[in-house]
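Novice: protein_26.txt (compact mmCIF, C-alpha atoms and all ligand atoms) pasted underneath:
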# COMPACT_ATOMS: atom_id res chain seq x y z
CA MET A 461 78.90 77.23 127.92
CA SER A 462 75.94 75.01 126.98
CA GLY A 463 77.38 72.19 124.82
CA ALA A 464 80.46 70.12 125.71
CA PRO A 465 83.71 71.99 125.10
CA ASP A 466 86.35 70.80 122.65
CA TRP A 467 88.59 68.98 125.15
CA THR A 468 91.62 69.20 122.84
CA VAL A 469 91.35 72.97 122.95
CA VAL A 470 90.83 72.88 126.72
CA ARG A 471 93.98 70.81 127.12
CA GLY A 472 95.89 73.59 125.36
CA ASP A 473 94.93 75.96 128.21
CA PHE A 474 97.39 74.19 130.54
CA PRO A 475 100.97 75.17 129.70
CA LEU A 476 102.59 72.76 132.16
CA LEU A 477 101.03 69.74 130.48
CA THR A 478 103.28 70.17 127.44
CA ARG A 479 106.44 69.35 129.38
CA THR A 480 108.38 66.12 129.38
CA VAL A 481 109.62 64.07 132.35
CA HIS A 482 112.59 61.72 131.94
CA GLY A 483 112.37 62.34 128.21
CA LYS A 484 108.73 61.16 128.03
CA PRO A 485 105.60 63.28 127.60
CA LEU A 486 104.20 64.04 131.04
CA VAL A 487 101.04 62.13 131.94
CA TYR A 488 99.81 63.99 135.01
CA LEU A 489 97.53 61.75 137.09
CA ASP A 490 97.85 63.46 140.44
CA SER A 491 95.10 66.07 140.30
CA ALA A 492 93.56 64.88 143.59
CA ASN A 493 96.81 66.02 145.17
CA THR A 494 96.89 69.35 143.39
CA GLY A 495 95.36 70.44 140.10
CA GLN A 496 97.20 72.06 137.20
CA LYS A 497 96.52 75.70 136.40
CA PRO A 498 95.11 77.12 133.18
CA GLU A 499 96.74 80.10 131.49
CA CYS A 500 93.94 82.46 132.66
CA VAL A 501 94.65 81.71 136.33
CA ILE A 502 98.39 82.18 135.88
CA ALA A 503 97.71 85.43 133.98
CA SER A 504 95.39 86.81 136.66
CA VAL A 505 98.00 86.31 139.40
CA ASP A 506 100.70 87.79 137.15
CA ASP A 507 98.46 90.75 136.33
CA PHE A 508 97.82 91.45 140.03
CA PHE A 509 101.54 91.67 140.81
CA ARG A 510 102.34 93.67 137.69
CA ARG A 511 99.46 96.18 137.77
CA TYR A 512 97.76 96.59 141.12
CA ASN A 513 99.64 94.81 143.91
CA ALA A 514 98.51 96.44 147.17
CA ASN A 515 97.07 95.35 150.50
CA VAL A 516 93.32 94.95 150.83
CA SER A 517 90.80 96.83 153.02
CA ARG A 518 93.45 99.26 154.31
CA ALA A 519 94.70 101.78 151.77
CA VAL A 520 92.42 104.38 150.19
CA HIS A 521 94.74 104.87 147.22
CA THR A 522 93.80 103.54 143.78
CA LEU A 523 95.87 100.38 143.92
CA GLY A 524 94.43 99.56 147.34
CA SER A 525 90.86 99.95 146.08
CA GLU A 526 91.56 97.93 142.96
CA ALA A 527 93.10 95.09 144.99
CA THR A 528 90.21 95.14 147.49
CA GLU A 529 87.64 95.18 144.69
CA ALA A 530 89.27 92.21 142.94
CA TYR A 531 89.65 90.27 146.19
CA GLU A 532 86.00 90.83 147.15
CA ALA A 533 84.93 90.06 143.57
CA ALA A 534 86.62 86.66 143.97
CA ARG A 535 84.52 86.06 147.11
CA GLY A 536 81.41 86.92 145.09
CA LYS A 537 82.37 84.53 142.28
CA LEU A 538 82.92 81.72 144.77
CA ALA A 539 79.59 82.49 146.43
CA ARG A 540 77.70 82.28 143.13
CA PHE A 541 79.60 79.10 142.19
CA LEU A 542 78.43 77.44 145.43
CA ASN A 543 74.97 79.11 145.42
CA VAL A 544 75.48 80.89 148.76
CA ARG A 545 75.75 84.45 150.09
CA ASP A 546 79.05 86.36 149.91
CA ASP A 547 78.96 87.20 153.60
CA GLU A 548 78.83 83.53 154.55
CA LEU A 549 82.18 82.74 152.87
CA VAL A 550 85.39 83.00 154.86
CA LEU A 551 88.41 83.08 152.56
CA CYS A 552 91.28 81.11 154.06
CA SER A 553 94.32 79.01 153.18
CA GLY A 554 92.40 75.84 152.41
CA THR A 555 90.42 72.99 153.89
CA THR A 556 92.86 72.35 156.73
CA PHE A 557 92.46 75.92 157.97
CA ALA A 558 88.70 75.88 157.37
CA ILE A 559 88.11 72.76 159.46
CA ASN A 560 90.41 74.01 162.22
CA LEU A 561 88.40 77.23 162.27
CA VAL A 562 85.18 75.28 162.88
CA ALA A 563 86.94 73.12 165.46
CA TYR A 564 88.35 76.00 167.51
CA SER A 565 85.64 78.63 167.03
CA TRP A 566 82.49 76.53 166.93
CA ALA A 567 83.27 73.25 168.68
CA LEU A 568 85.77 74.15 171.40
CA PRO A 569 83.46 76.53 173.29
CA ARG A 570 80.46 74.21 172.95
CA LEU A 571 81.48 70.58 173.37
CA GLN A 572 81.29 68.98 176.80
CA PRO A 573 82.66 65.78 178.34
CA GLY A 574 80.71 62.82 176.98
CA ASP A 575 79.64 64.57 173.77
CA VAL A 576 80.41 62.61 170.62
CA ILE A 577 82.06 63.77 167.42
CA LEU A 578 81.07 61.36 164.68
CA LEU A 579 83.50 60.85 161.77
CA THR A 580 83.71 58.36 158.94
CA ARG A 581 86.62 56.03 158.35
CA MET A 582 87.31 57.62 154.96
CA GLU A 583 88.16 61.09 156.27
CA HIS A 584 91.39 62.85 155.34
CA HIS A 585 93.59 63.62 158.36
CA ALA A 586 92.43 67.25 157.98
CA ASN A 587 88.97 66.09 159.09
CA ILE A 588 90.26 63.83 161.87
CA VAL A 589 93.16 65.44 163.71
CA PRO A 590 91.49 68.81 164.50
CA TRP A 591 88.63 66.84 166.11
CA GLN A 592 91.06 64.75 168.13
CA LEU A 593 92.64 67.95 169.45
CA ILE A 594 89.22 69.34 170.36
CA ALA A 595 88.19 66.03 171.96
CA GLN A 596 91.31 66.15 174.17
CA ARG A 597 90.50 69.70 175.26
CA THR A 598 86.77 69.20 175.90
CA GLY A 599 86.41 65.58 177.04
CA ALA A 600 84.31 64.77 173.97
CA VAL A 601 84.90 61.42 172.31
CA ILE A 602 85.28 60.41 168.69
CA ARG A 603 83.07 57.74 167.15
CA VAL A 604 83.87 56.26 163.76
CA ALA A 605 81.33 55.17 161.16
CA ASP A 606 82.64 52.30 159.10
CA LEU A 607 82.61 51.37 155.44
CA LEU A 608 81.40 48.56 153.26
CA PRO A 609 84.07 46.47 151.52
CA ASP A 610 83.64 48.39 148.23
CA GLY A 611 84.55 51.65 149.97
CA SER A 612 81.01 53.02 150.28
CA LEU A 613 79.84 54.39 153.60
CA ASP A 614 77.72 51.92 155.54
CA LEU A 615 74.75 54.28 155.75
CA ASP A 616 72.69 52.07 158.09
CA ALA A 617 75.62 51.98 160.51
CA LEU A 618 76.17 55.71 160.11
CA PHE A 619 72.55 56.55 160.88
CA ALA A 620 72.53 54.12 163.83
CA ALA A 621 75.64 55.85 165.16
CA MET A 622 73.79 59.21 165.22
CA THR A 623 72.71 58.85 168.84
CA LEU A 624 71.68 61.62 171.24
CA GLU A 625 75.25 62.26 172.41
CA VAL A 626 76.44 63.10 168.89
CA LYS A 627 76.85 66.85 168.56
CA LEU A 628 78.84 67.07 165.35
CA LEU A 629 79.37 64.96 162.24
CA GLY A 630 82.41 65.37 159.99
CA VAL A 631 82.02 63.73 156.59
CA THR A 632 83.84 64.03 153.32
CA HIS A 633 81.81 64.73 150.19
CA VAL A 634 84.22 62.68 148.04
CA SER A 635 86.99 60.39 149.31
CA ASN A 636 90.46 61.44 148.19
CA VAL A 637 91.61 57.79 148.23
CA LEU A 638 88.62 55.79 147.03
CA GLY A 639 86.81 58.35 144.91
CA THR A 640 83.56 57.40 146.66
CA ILE A 641 80.93 60.13 146.32
CA ASN A 642 78.97 60.21 149.55
CA PRO A 643 75.24 61.06 149.55
CA VAL A 644 75.89 64.11 151.70
CA ALA A 645 72.41 65.63 151.26
CA THR A 646 70.79 62.47 152.68
CA ILE A 647 73.39 62.22 155.43
CA CYS A 648 72.92 65.88 156.43
CA ARG A 649 69.13 65.48 156.41
CA GLU A 650 69.38 62.57 158.86
CA ALA A 651 71.84 64.52 161.02
CA ARG A 652 69.60 67.61 161.00
CA LYS A 653 66.61 65.55 162.21
CA ARG A 654 68.71 64.66 165.26
CA GLY A 655 70.08 68.16 165.85
CA ILE A 656 73.61 67.19 164.80
CA ILE A 657 75.82 69.90 163.28
CA THR A 658 77.42 68.82 159.99
CA VAL A 659 80.86 69.67 158.64
CA VAL A 660 81.33 68.57 155.02
CA ASP A 661 84.82 68.36 153.53
CA GLY A 662 84.30 69.36 149.91
CA SER A 663 87.98 69.35 148.85
CA GLN A 664 87.58 66.53 146.35
CA ALA A 665 84.03 67.34 145.25
CA VAL A 666 84.17 70.95 144.12
CA PRO A 667 86.78 70.31 141.37
CA HIS A 668 84.64 67.60 139.79
CA MET A 669 80.93 68.38 140.04
CA ALA A 670 78.42 71.17 140.50
CA VAL A 671 78.09 71.79 144.23
CA ASP A 672 75.00 73.56 145.54
CA ILE A 673 75.59 74.01 149.26
CA PRO A 674 71.98 74.85 150.26
CA ALA A 675 70.83 71.67 148.48
CA ILE A 676 73.26 69.68 150.64
CA GLY A 677 71.84 71.25 153.78
CA CYS A 678 75.01 71.15 155.87
CA ASP A 679 76.11 73.62 158.54
CA PHE A 680 79.71 74.02 157.35
CA TYR A 681 81.36 73.26 153.99
CA ALA A 682 85.14 73.44 153.51
CA LEU A 683 87.12 73.50 150.30
CA THR A 684 90.60 74.10 149.05
CA GLY A 685 91.41 76.20 145.97
CA HIS A 686 94.48 74.43 144.60
CA LYS A 687 92.57 71.28 143.67
CA MET A 688 90.12 73.29 141.52
CA CYS A 689 92.65 74.98 139.20
CA GLY A 690 93.35 77.77 141.70
CA PRO A 691 96.60 78.74 143.40
CA THR A 692 97.91 76.99 146.52
CA GLY A 693 97.15 78.57 149.89
CA THR A 694 93.58 79.45 148.96
CA GLY A 695 90.27 78.08 150.14
CA VAL A 696 86.90 78.69 151.67
CA LEU A 697 84.90 77.94 154.73
CA TRP A 698 81.19 78.37 154.12
CA ALA A 699 79.01 78.48 157.22
CA LYS A 700 75.43 79.42 157.93
CA ARG A 701 75.34 83.07 158.90
CA GLU A 702 73.85 82.24 162.32
CA HIS A 703 76.91 80.08 163.11
CA LEU A 704 79.38 82.71 161.93
CA GLU A 705 77.62 85.38 164.00
CA ALA A 706 77.86 83.20 167.10
CA MET A 707 81.51 82.19 166.66
CA PRO A 708 84.38 83.99 168.39
CA PRO A 709 87.43 84.75 166.26
CA PHE A 710 90.01 82.00 165.76
CA LEU A 711 93.02 84.27 165.15
CA GLY A 712 93.45 87.84 166.30
CA GLY A 713 95.19 90.66 164.48
CA GLY A 714 94.62 93.25 161.77
CA GLU A 715 91.47 93.26 159.61
CA MET A 716 89.36 91.21 162.02
CA ILE A 717 88.51 94.14 164.30
CA LYS A 718 86.30 97.23 164.34
CA GLU A 719 88.07 98.92 167.22
CA VAL A 720 90.99 97.96 169.43
CA ARG A 721 91.48 99.43 172.92
CA PHE A 722 93.60 98.00 175.68
CA ASP A 723 90.45 97.60 177.76
CA GLY A 724 88.57 95.67 175.08
CA THR A 725 88.42 95.03 171.35
CA VAL A 726 85.33 95.08 169.16
CA PHE A 727 85.54 92.38 166.52
CA ASN A 728 84.61 92.84 162.90
CA ASP A 729 81.48 91.23 161.44
CA PRO A 730 81.78 87.86 159.72
CA PRO A 731 83.31 86.86 157.41
CA HIS A 732 86.12 89.41 157.99
CA ARG A 733 86.15 88.53 161.70
CA PHE A 734 87.83 85.27 160.67
CA GLU A 735 90.32 86.74 158.20
CA ALA A 736 93.03 88.15 160.48
CA GLY A 737 96.15 89.55 158.85
CA THR A 738 97.04 90.06 155.21
CA PRO A 739 95.35 87.31 153.21
CA ASN A 740 96.54 85.52 150.10
CA ILE A 741 95.25 88.31 147.86
CA ALA A 742 96.86 87.21 144.61
CA GLY A 743 95.89 83.62 145.29
CA HIS A 744 92.21 84.37 145.83
CA ILE A 745 92.08 86.61 142.78
CA GLY A 746 93.54 83.62 140.90
CA LEU A 747 90.92 81.37 142.48
CA GLY A 748 88.23 83.75 141.22
CA ALA A 749 89.68 83.33 137.73
CA ALA A 750 89.62 79.54 138.22
CA VAL A 751 85.93 79.71 139.15
CA ASP A 752 85.21 81.71 135.98
CA TYR A 753 87.13 79.15 133.96
CA LEU A 754 85.38 76.11 135.48
CA SER A 755 81.97 77.80 135.17
CA ASP A 756 82.64 78.54 131.53
CA LEU A 757 83.50 74.89 130.85
CA GLY A 758 80.40 73.86 132.81
CA MET A 759 80.67 71.62 135.87
CA ASP A 760 78.24 69.10 134.34
CA ASN A 761 80.47 68.88 131.25
CA ILE A 762 83.50 68.37 133.50
CA ALA A 763 81.71 65.63 135.46
CA ALA A 764 80.70 63.85 132.25
CA ARG A 765 84.22 64.09 130.79
CA GLU A 766 85.81 62.72 133.95
CA ALA A 767 83.26 59.89 134.15
CA GLU A 768 84.38 58.80 130.65
CA LEU A 769 88.05 58.92 131.64
CA LEU A 770 87.29 56.97 134.83
CA ALA A 771 85.39 54.25 132.91
CA HIS A 772 88.20 53.97 130.34
CA ALA A 773 90.96 53.76 132.98
CA THR A 774 89.02 51.29 135.16
CA GLU A 775 88.47 49.03 132.15
CA ALA A 776 92.13 49.25 131.03
CA MET A 777 93.41 48.57 134.55
CA SER A 778 91.09 45.62 135.08
CA GLN A 779 92.87 43.88 132.16
CA ILE A 780 96.19 43.93 134.02
CA ASP A 781 97.02 40.72 135.90
CA GLY A 782 97.72 41.13 139.60
CA LEU A 783 96.38 44.67 139.74
CA ARG A 784 93.86 45.34 142.49
CA ILE A 785 91.66 48.44 142.56
CA ILE A 786 90.82 49.63 146.06
CA GLY A 787 87.50 51.44 146.15
CA THR A 788 84.81 50.23 143.79
CA ALA A 789 81.75 52.09 145.04
CA PRO A 790 79.04 52.55 142.39
CA ASP A 791 79.19 56.34 142.64
CA LYS A 792 82.80 57.45 142.15
CA ALA A 793 84.83 60.48 141.14
CA ALA A 794 87.80 59.93 138.81
CA VAL A 795 90.19 58.65 141.46
CA ILE A 796 91.61 55.12 141.33
CA SER A 797 93.66 53.67 144.17
CA PHE A 798 95.45 50.48 143.24
CA LEU A 799 98.14 47.99 144.13
CA VAL A 800 100.08 45.52 142.04
CA GLU A 801 100.79 42.12 143.58
CA GLY A 802 104.28 41.87 145.02
CA ALA A 803 105.18 45.54 144.44
CA HIS A 804 105.43 48.34 146.95
CA ALA A 805 103.35 51.39 146.07
CA HIS A 806 106.42 53.69 146.18
CA ASP A 807 108.39 51.41 143.81
CA LEU A 808 105.44 51.40 141.43
CA ALA A 809 105.14 55.18 141.51
CA THR A 810 108.89 55.64 141.03
CA LEU A 811 108.96 53.34 138.00
CA LEU A 812 105.85 54.98 136.55
CA ASP A 813 107.55 58.35 136.93
CA LEU A 814 110.41 57.07 134.75
CA GLU A 815 107.73 56.48 132.11
CA GLY A 816 106.54 60.07 132.49
CA VAL A 817 103.46 59.10 134.51
CA ALA A 818 102.87 61.07 137.74
CA VAL A 819 100.77 59.18 140.30
CA ARG A 820 100.80 59.55 144.06
CA SER A 821 101.86 56.73 146.37
CA GLY A 822 101.55 56.52 150.14
CA HIS A 823 98.82 56.71 152.75
CA HIS A 824 97.22 59.82 151.18
CA CYS A 825 96.73 61.40 154.62
CA ALA A 826 94.17 58.70 155.40
CA HIS A 827 95.85 56.23 157.79
CA PRO A 828 92.56 54.86 159.21
CA LEU A 829 91.43 53.99 155.69
CA MET A 830 94.69 52.14 154.96
CA GLN A 831 94.14 50.21 158.21
CA PHE A 832 90.60 49.29 157.06
CA PHE A 833 91.92 47.83 153.80
CA GLY A 834 94.90 46.23 155.57
CA VAL A 835 97.54 47.94 153.41
CA PRO A 836 100.30 50.38 154.36
CA ALA A 837 99.97 52.42 151.19
CA THR A 838 98.41 52.51 147.73
CA CYS A 839 99.19 54.09 144.40
CA ARG A 840 96.57 56.57 143.28
CA ALA A 841 95.84 57.76 139.76
CA SER A 842 93.56 60.78 139.81
CA PHE A 843 92.16 62.30 136.65
CA ALA A 844 90.93 65.73 135.68
CA PHE A 845 89.01 66.98 132.64
CA TYR A 846 92.31 68.04 131.03
CA ASN A 847 93.54 64.45 130.82
CA THR A 848 93.05 62.60 127.55
CA HIS A 849 92.06 59.10 126.47
CA ASP A 850 95.56 58.77 124.94
CA GLU A 851 96.99 59.41 128.39
CA VAL A 852 94.80 56.65 129.83
CA GLU A 853 96.29 54.29 127.21
CA ALA A 854 99.84 55.52 127.96
CA PHE A 855 99.23 54.97 131.68
CA ALA A 856 97.95 51.42 131.08
CA ALA A 857 100.94 50.61 128.84
CA ALA A 858 103.34 51.99 131.47
CA LEU A 859 101.63 49.85 134.13
CA VAL A 860 102.07 46.72 132.03
CA LYS A 861 105.76 47.54 131.48
CA VAL A 862 106.41 48.33 135.15
CA ARG A 863 104.61 45.20 136.28
CA ARG A 864 106.89 43.14 134.02
CA LEU A 865 109.95 44.84 135.50
CA LEU A 866 108.80 44.15 139.04
CA ALA A 867 107.78 40.50 138.39
N1 LIG B 1 90.41 66.89 152.66
C1 LIG B 1 90.61 66.13 151.58
C2 LIG B 1 89.54 65.12 151.20
C3 LIG B 1 91.75 66.27 150.81
O1 LIG B 1 91.94 65.49 149.74
C4 LIG B 1 92.72 67.23 151.19
C5 LIG B 1 93.98 67.38 150.44
O2 LIG B 1 94.56 66.42 149.96
C6 LIG B 1 92.47 68.01 152.32
C7 LIG B 1 91.32 67.81 153.04
C8 LIG B 1 93.45 69.04 152.80
O3 LIG B 1 93.55 70.10 151.91
P1 LIG B 1 94.61 71.25 152.13
O4 LIG B 1 95.94 70.55 152.35
O5 LIG B 1 94.59 72.02 150.87
O6 LIG B 1 94.20 72.03 153.32
Once you've parsed the file, please lay out its structure as structure tokens.
Specialist:
Amino acid sequence: MSGAPDWTVVRGDFPLLTRTVHGKPLVYLDSANTGQKPECVIASVDDFFRRYNANVSRAVHTLGSEATEAYEAARGKLARFLNVRDDELVLCSGTTFAINLVAYSWALPRLQPGDVILLTRMEHHANIVPWQLIAQRTGAVIRVADLLPDGSLDLDALFAAMTLEVKLLGVTHVSNVLGTINPVATICREARKRGIITVVDGSQAVPHMAVDIPAIGCDFYALTGHKMCGPTGTGVLWAKREHLEAMPPFLGGGEMIKEVRFDGTVFNDPPHRFEAGTPNIAGHIGLGAAVDYLSDLGMDNIAAREAELLAHATEAMSQIDGLRIIGTAPDKAAVISFLVEGAHAHDLATLLDLEGVAVRSGHHCAHPLMQFFGVPATCRASFAFYNTHDEVEAFAAALVKVRRLLA
């Protein structure tokens, strides 16, 4: 699609968004947690189970070939979407699996005592805990790059932290709490100059903007399908072919082998080497449909639409007394963490729910970030292209009402 889509029509693609909650029209502002699904994604999963449900890469019968073809077609769609080769994409259950795969297959056999794994303070637990587990097993240590008060990465500090001992850098493309968009291409360029391997967590970027992995120049890029209109339990690890070739399998079982003998097993080539067992076939076919849908809308159109919604919501929220926005970096995705003076984040979210407004409250799987801002939890409103300006107004009105109730 070249011009901007008609967003009212687009909204109509999402059946769930017509429902009510506590007698009020649903205002769904939790897309950073999981995105809603358009009719075409739901239909593609339904169609798989109704017409050609079969296991992949095993059966020679018609259903088996149709399922395999559709599953591999989804890999191809994802590859084109990210501007990479099909055989560099491992299909998996999501970012958590993808990062664990890098941790256990790439890092565990390579890291040595005294090596440093560099992370940023804004990482999701999925890009912290696997590295802690690997550090415990290898004797490597974790170093943390800190933030500026507005929730941007302190780039000077980050680059200064890239010393000789650093072997791997884990950095999120977009923060799930602050919305900060990190300059990952610049960061990866600096890391590359120093021979540091880069793992970029793209979970919160891919739903919102065009992502061209070669232009980022990382070694590994992880994403999760359910935040980009796809089904849950789907995702991707992209890795440079040379890394995949050199990595031992993470899980053993069916599909990841060429030949099994009791005196030795020959592993399959990547990416299938890393896809042991029956995968989420229906889910990845649905994710392929989500990629078609997003591509048809145009990622630049989506980014522009969400920037408008973000500006509108930020302006409306800044009019509310006692409301504090956490994360005000100049380059942000449509995610707003906030607190209201004197109110606990969970109470706020519960009262907003009674008004039909779904926001997330809690630590957002980012404890170290909460510690940085000195708060136990925040509320987070996260927007997607299917939200409307009327919903932004309804959200602001609900906030005013809830604030009065809590005063
Ligand atoms: N990384 C970020 C930035 C996230 O926001 C999330 C999910 O909230 C994850 C990783 C983990 O994704 P998943 O639970 O789908 O593996």
Novice: For the contact check between chain A and ligand LIG 1 (chain B), emit one row per residue of chain A within 6 Å, containing the shortest atom pair and the distance in Å rounded to one decimal, counting only C-alpha atoms and all ligand atoms, chain then rising number order, as JSON lines.
Specialist:
{"residue": "A:Asn493", "atom": "CA", "partner": "B:LIG1", "partner_atom": "O2", "distance": 5.3}
{"residue": "A:Gly554", "atom": "CA", "partner": "B:LIG1", "partner_atom": "O6", "distance": 4.3}
{"residue": "A:Thr555", "atom": "CA", "partner": "B:LIG1", "partner_atom": "O6", "distance": 3.9}
{"residue": "A:Thr556", "atom": "CA", "partner": "B:LIG1", "partner_atom": "O6", "distance": 3.7}
{"residue": "A:His584", "atom": "CA", "partner": "B:LIG1", "partner_atom": "N1", "distance": 4.9}
{"residue": "A:Ala586", "atom": "CA", "partner": "B:LIG1", "partner_atom": "C7", "distance": 5.1}
{"residue": "A:Ser635", "atom": "CA", "partner": "B:LIG1", "partner_atom": "C2", "distance": 5.7}
{"residue": "A:Asn636", "atom": "CA", "partner": "B:LIG1", "partner_atom": "O1", "distance": 4.6}
{"residue": "A:Asp661", "atom": "CA", "partner": "B:LIG1", "partner_atom": "N1", "distance": 5.8}
{"residue": "A:Ser663", "atom": "CA", "partner": "B:LIG1", "partner_atom": "C1", "distance": 5.0}
{"residue": "A:Gln664", "atom": "CA", "partner": "B:LIG1", "partner_atom": "C2", "distance": 5.4}
{"residue": "A:Thr684", "atom": "CA", "partner": "B:LIG1", "partner_atom": "O5", "distance": 4.9}
Novice: Please write out, as AutoDock Vina command-line options, where the centre of an axis-aligned box around all listed atoms of region 693-706 of chain A lies and how long its edges are, in Å to one decimal, after adding 5 Å on each side.
Specialist:
--center_x 85.5 --center_y 81.7 --center_z 158.0 --size_x 33.3 --size_y 17.4 --size_z 28.1
Novice: Using CA of Leu578 (chain A) and CA of Ala563 (chain A) as the two end points, give the distance in Å to one decimal.
Specialist: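 Value for the CA of Leu578 (chain A)-CA of Ala563 (chain A) distance: 13.2 Å.
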Novice: Taking all atoms listed in the file into account, which of A:Asp506, A:Asp723, A:Glu526, A:Asp729 comes nearest Ala706 (chain A)?
Specialist: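 Comparing A:Asp506, A:Asp723, A:Glu526, A:Asp729 against Ala706 (chain A), the winner is A:Asp729.
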Novice: Ranking A:Met716, A:Thr838, A:Gly758, A:Val696 by minimum distance to Val544 (chain A) and counting only C-alpha atoms, which one comes first?
Specialist: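 Once distances to Val544 (chain A) are computed over only C-alpha atoms, the minimum belongs to A:Val696.
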Novice: In terms of the shortest atom-to-atom distance over all atoms listed in the file, which of A:Ala519, A:Leu486, A:Ser778, A:Asp546 is closest to Ala533 (chain A)?
Specialist: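 Among the listed residues, the smallest separation from Ala533 (chain A) belongs to A:Asp546.
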Novice: How many Å separate CA of Ile577 (chain A) from CA of Thr658 (chain A)?
Specialist: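 Result for CA of Ile577 (chain A) versus CA of Thr658 (chain A): 10.1 Å, one decimal.
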Novice: So which one's closest to Gly685 (chain A), A:His521, A:Arg479, A:Arg649, A:His744? Using only C-alpha atoms, please.
Specialist: A:His744
Novice: May I have the residues within 9 Å of Met622 (chain A) as a short mmCIF file (atom, residue, chain, number, x, y, z; two decimals) with C-alpha atoms, in the frame of the given file, using all atoms listed in the file and disregarding those fewer than 4 positions away in the same chain?
Specialist:
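And here is the file that came out, result-v2.cif:
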data_model
loop_
_atom_site.label_atom_id
_atom_site.label_comp_id
_atom_site.auth_asym_id
_atom_site.auth_seq_id
_atom_site.Cartn_x
_atom_site.Cartn_y
_atom_site.Cartn_z
CA LEU A 578 81.07 61.36 164.68
CA ALA A 617 75.62 51.98 160.51
CA LEU A 618 76.17 55.71 160.11
CA VAL A 626 76.44 63.10 168.89
CA LYS A 627 76.85 66.85 168.56
CA LEU A 629 79.37 64.96 162.24
CA GLU A 650 69.38 62.57 158.86
CA ALA A 651 71.84 64.52 161.02
CA ARG A 654 68.71 64.66 165.26
CA ILE A 656 73.61 67.19 164.80
#
Novice: Counting all atoms listed in the file, which residues have an atom no more than 8 Å from (88.1, 85.9, 141.9) in the file's coordinates? Please list them as an MDAnalysis selection string.
Specialist: chainID A and resid 530:538 744:752
Novice: Any idea what's packed within 9 Å of Asn761 (chain A), counting only C-alpha atoms, ignoring anything in its chain fewer than 4 positions away? Could you give it as an mmCIF file with C-alpha atoms, in the coordinates of the input?
Specialist:
data_model
loop_
_atom_site.group_PDB
_atom_site.id
_atom_site.type_symbol
_atom_site.label_atom_id
_atom_site.label_comp_id
_atom_site.auth_asym_id
_atom_site.auth_seq_id
_atom_site.Cartn_x
_atom_site.Cartn_y
_atom_site.Cartn_z
ATOM 1 C CA SER A 462 75.940 75.010 126.980
ATOM 2 C CA GLY A 463 77.380 72.190 124.820
ATOM 3 C CA ALA A 464 80.460 70.120 125.710
ATOM 4 C CA PRO A 465 83.710 71.990 125.100
ATOM 5 C CA MET A 669 80.930 68.380 140.040
ATOM 6 C CA LEU A 757 83.500 74.890 130.850
ATOM 7 C CA ARG A 765 84.220 64.090 130.790
ATOM 8 C CA GLU A 766 85.810 62.720 133.950
ATOM 9 C CA PHE A 845 89.010 66.980 132.640
#
